[in-house]
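Participant: Before I ask anything, here is the structure I am working with.
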Amino acid sequence: MTGSPLRLRLDGDALVANWRLLRDMGGDAACGAAVKADGYGLGAREVVQRLAGAGCRDFFVAVWSEARALADLGVPVSVLHGVRDADMADRPAHARPVLNTVAQVQRWRAAGGGACDVMVDTGMNRLGVAVDDVAAGLLDGLEIETLMSHLACADEDVPRNARQCAALAGLRGRTSARRLSLANSAGIALGRDYAFDLTRPGIALYGGRQRPEHAPIRQVATPEAQVIQRRRVRAGEIVGYNATFTAPRDTEVAILNLGYADGYLRCFSGKGSVRVGETALPVIGRVSMDMIAIAVDAAPGLGEGDWVAIDYALPETAALSGLSQYELITGLGPRFDRVWNRPSTP
Ligand SMILES: *Cc1c(COP(=O)(O)O)cnc(C)c1O
């Protein structure tokens with residue numbers, strides 16, 4: 001296979017270290033992993049193999065096609081969007097639905113039930129059955145593994161967090177559920193009360209930091225792009241679409257194989273930066289579909305075919321771009337070769 005001129009360097013040690021840190025923050029609670037959207041864009045299979053090797057036993061995807069893609073790995077997978085009629089026929093053995101609606105609960109019962117999870121809405125008004133319906137017996141007789149809810153504002157310090165926490169705690173013992181679960185990455189940092197029996201981190205596994213408690217979280221993914229061409233731009237000449245950069249003096253410029261079609265969006269025009277060793281180099285002019293330009297006077301040896309690392313630490317890059325950490329990591333496209341620093345142990 002010929003390598004792509006664009007690669008995503010992935011640090012499997014950092015991924016596992018992040019999971020262990022989040023697990024320990026949750027005290028006695030088990031620690032799962034959200035691997036929807038292809039492991040937030042890093043590759044769900046590779047993520048699952050590494051975290052399963054570290055002891056993770058609870059994985060969360062959004063839809064059934066994602067569960068099927070993991071079926072041969074033999075790990076339990078919960079499907080967050082529940083189950084439609086169309087999903088009933090082709091369900092891998094290790095996957096179970098997270099039931100979200102009265103109709104989903106009825107469908108599951110009618111099909112003979114079996115192990116399932118249930119989402120209860122404690123105030124986010126996104127997915128989940130109502131607390132009152134649970135109290136009225138909606139879930140009676142179901143074989144529930146995990147009764148879960150989801151925090152709307154876990155990355156903020158607002159009273160809503162404690163209210164949602166209390167609402168879920170109030171359901172302990174009211175259903176057959178073996179476990180309760182509430183916290184995502186930010187929720188884990190809110191304290192032990194929020195961990196219940198199982199936590200469900202996603203973004204922090206992949207290098208996201210949303211609260212001060214996440215300070216030790218390590219960056220996992222670093223985009224790298226090859227230089228296609230190096231050129232000298234004379235003072236007063238322009239670079240790129242719409243001439244948004246004019247060279248203030250003679251300037252050395254390199255064109256890189258990375259653009260907005262790869263998820264490096266136009267908000268990085270004139271703002272982003274890359275690294276050659278310790279040297280930071282600025283993105284100049286507009287981001288094109290498949291290319292960016294960088295000023296390389298500070299990197300005299302850099303030439304065609306050389307690799308540069310894109311600055312992509314999630315919290316800092318979110319602050320710079322106005323994109324969320326989630327958008328930054330899930331947006332990295334299919335043209336990246338995803339290169340892990342060591343093979344996973346099967
Ligand atoms: C995506 C998701 C998570 C993980 O959230 P992060 O903020 O990425 O940690 C946990 N639970 C549910 C229900 C989710 O949809």
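In the structure tokens, chains take letters A, B, ... by order of appearance, with residues numbered from 1 within each chain and ligands from 1 in the order shown.
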Leaving out region 310-312 of chain A and any residue of its chain fewer than 4 positions from it, which residues lie within 12 Å of it when counting only C-alpha atoms, given as a ChimeraX atom specification?
Facilitator: /A:6-9,206-208,219-226,256-259,263-264,268,271-283,292,294,316-321,323,325,328-329,332
Participant: Enumerate as a list in words the residues within 6 Å of ligand 1, counting only C-alpha atoms and all ligand atoms.
Facilitator: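 Those residues are Ala34, His150, Asn184, Ser185, Arg200, Pro201, Gly202 and Ile203 of chain A.
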Participant: Run DSSP on the backbone and give me the residues of region 83-118 of chain A it puts in alpha helix (DSSP H), as JSON, numbers by chain.
Facilitator: {"A": [102, 103, 104, 105, 106, 107, 108, 109, 110]}
Participant: Which residues are close to Ala243 (chain A), i.e. within 12 Å by only C-alpha atoms, leaving aside same-chain residues fewer than 3 positions away? Reply as number ranges by chain.
Facilitator: A: 236-240, 246-247, 269-270, 284-287
Participant: Can you spit out the residues from that selection as a PDB file, in the first residue's frame, using N, CA and C atoms?
Facilitator:
ATOM      1  N   GLY A 236       5.063  41.835  -1.607  1.00  0.00           N
ATOM      2  CA  GLY A 236       3.947  42.434  -2.333  1.00  0.00           C
ATOM      3  C   GLY A 236       3.104  41.430  -3.104  1.00  0.00           C
ATOM      4  N   GLU A 237       3.614  40.190  -3.286  1.00  0.00           N
ATOM      5  CA  GLU A 237       2.791  39.177  -3.956  1.00  0.00           C
ATOM      6  C   GLU A 237       1.858  38.508  -2.942  1.00  0.00           C
ATOM      7  N   ILE A 238       0.889  37.768  -3.489  1.00  0.00           N
ATOM      8  CA  ILE A 238      -0.154  37.205  -2.621  1.00  0.00           C
ATOM      9  C   ILE A 238      -0.028  35.688  -2.582  1.00  0.00           C
ATOM     10  N   VAL A 239      -0.734  35.063  -1.621  1.00  0.00           N
ATOM     11  CA  VAL A 239      -0.811  33.599  -1.546  1.00  0.00           C
ATOM     12  C   VAL A 239      -2.273  33.190  -1.383  1.00  0.00           C
ATOM     13  N   GLY A 240      -2.739  32.301  -2.263  1.00  0.00           N
ATOM     14  CA  GLY A 240      -4.012  31.618  -2.052  1.00  0.00           C
ATOM     15  C   GLY A 240      -5.234  32.366  -2.554  1.00  0.00           C
ATOM     16  N   THR A 246      -0.791  38.905   1.778  1.00  0.00           N
ATOM     17  CA  THR A 246       0.180  39.600   0.935  1.00  0.00           C
ATOM     18  C   THR A 246       1.519  39.564   1.653  1.00  0.00           C
ATOM     19  N   ALA A 247       2.552  39.124   0.943  1.00  0.00           N
ATOM     20  CA  ALA A 247       3.864  38.988   1.585  1.00  0.00           C
ATOM     21  C   ALA A 247       4.416  40.370   1.946  1.00  0.00           C
ATOM     22  N   SER A 269      -7.791  29.630   8.424  1.00  0.00           N
ATOM     23  CA  SER A 269      -7.133  30.543   7.476  1.00  0.00           C
ATOM     24  C   SER A 269      -6.454  31.675   8.242  1.00  0.00           C
ATOM     25  N   GLY A 270      -5.165  31.852   8.009  1.00  0.00           N
ATOM     26  CA  GLY A 270      -4.440  32.937   8.674  1.00  0.00           C
ATOM     27  C   GLY A 270      -4.348  32.813  10.180  1.00  0.00           C
ATOM     28  N   ILE A 284      -0.796  30.656   6.425  1.00  0.00           N
ATOM     29  CA  ILE A 284      -1.025  31.967   5.810  1.00  0.00           C
ATOM     30  C   ILE A 284      -2.064  31.842   4.700  1.00  0.00           C
ATOM     31  N   GLY A 285      -2.870  32.865   4.546  1.00  0.00           N
ATOM     32  CA  GLY A 285      -3.889  32.873   3.503  1.00  0.00           C
ATOM     33  C   GLY A 285      -5.000  31.894   3.809  1.00  0.00           C
ATOM     34  N   ARG A 286      -5.832  31.647   2.804  1.00  0.00           N
ATOM     35  CA  ARG A 286      -7.024  30.834   2.957  1.00  0.00           C
ATOM     36  C   ARG A 286      -6.734  29.346   2.906  1.00  0.00           C
ATOM     37  N   VAL A 287      -7.433  28.593   3.714  1.00  0.00           N
ATOM     38  CA  VAL A 287      -7.410  27.133   3.615  1.00  0.00           C
ATOM     39  C   VAL A 287      -8.165  26.737   2.349  1.00  0.00           C
TER      40      VAL A 287
END
Participant: With DSSP run on the backbone, what are the strand (DSSP E) residues within region 11-103 of chain A? I'd like them as a PyMOL selection string.
Facilitator: chain A and resi 30-31+33-34+59-61+77-79+95-99
Participant: Tell me which protein, DNA and RNA residues are within 9 Å of Arg96 (chain A), counting only C-alpha atoms, leaving out same-chain ones fewer than 6 positions away, and put them as number ranges by chain.
Facilitator: A: 76-79, 82-83, 114-117
Participant: Using the selection just defined, write its residues with C-alpha atoms as a tab-separated table (two decimals), in the first residue's frame.
Facilitator:
chain	number	residue	atom	x	y	z
A	76	PRO	CA	-20.43	-5.78	24.92
A	77	VAL	CA	-21.74	-2.84	22.90
A	78	SER	CA	-24.74	-0.65	23.77
A	79	VAL	CA	-26.55	1.12	20.93
A	82	GLY	CA	-32.30	2.29	20.65
A	83	VAL	CA	-34.00	-0.09	18.29
A	114	GLY	CA	-33.63	-9.94	26.71
A	115	ALA	CA	-30.90	-7.80	28.16
A	116	CYS	CA	-31.23	-4.12	27.38
A	117	ASP	CA	-30.24	-0.71	28.68
Participant: Identify which of the residues A:Glu156, A:Gly187, A:Val118, A:Ala89 lies closest to Thr175 (chain A), counting only C-alpha atoms when measuring atom-to-atom distances.
Facilitator: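 Using only C-alpha atoms, Thr175 (chain A) sits closest to A:Val118.
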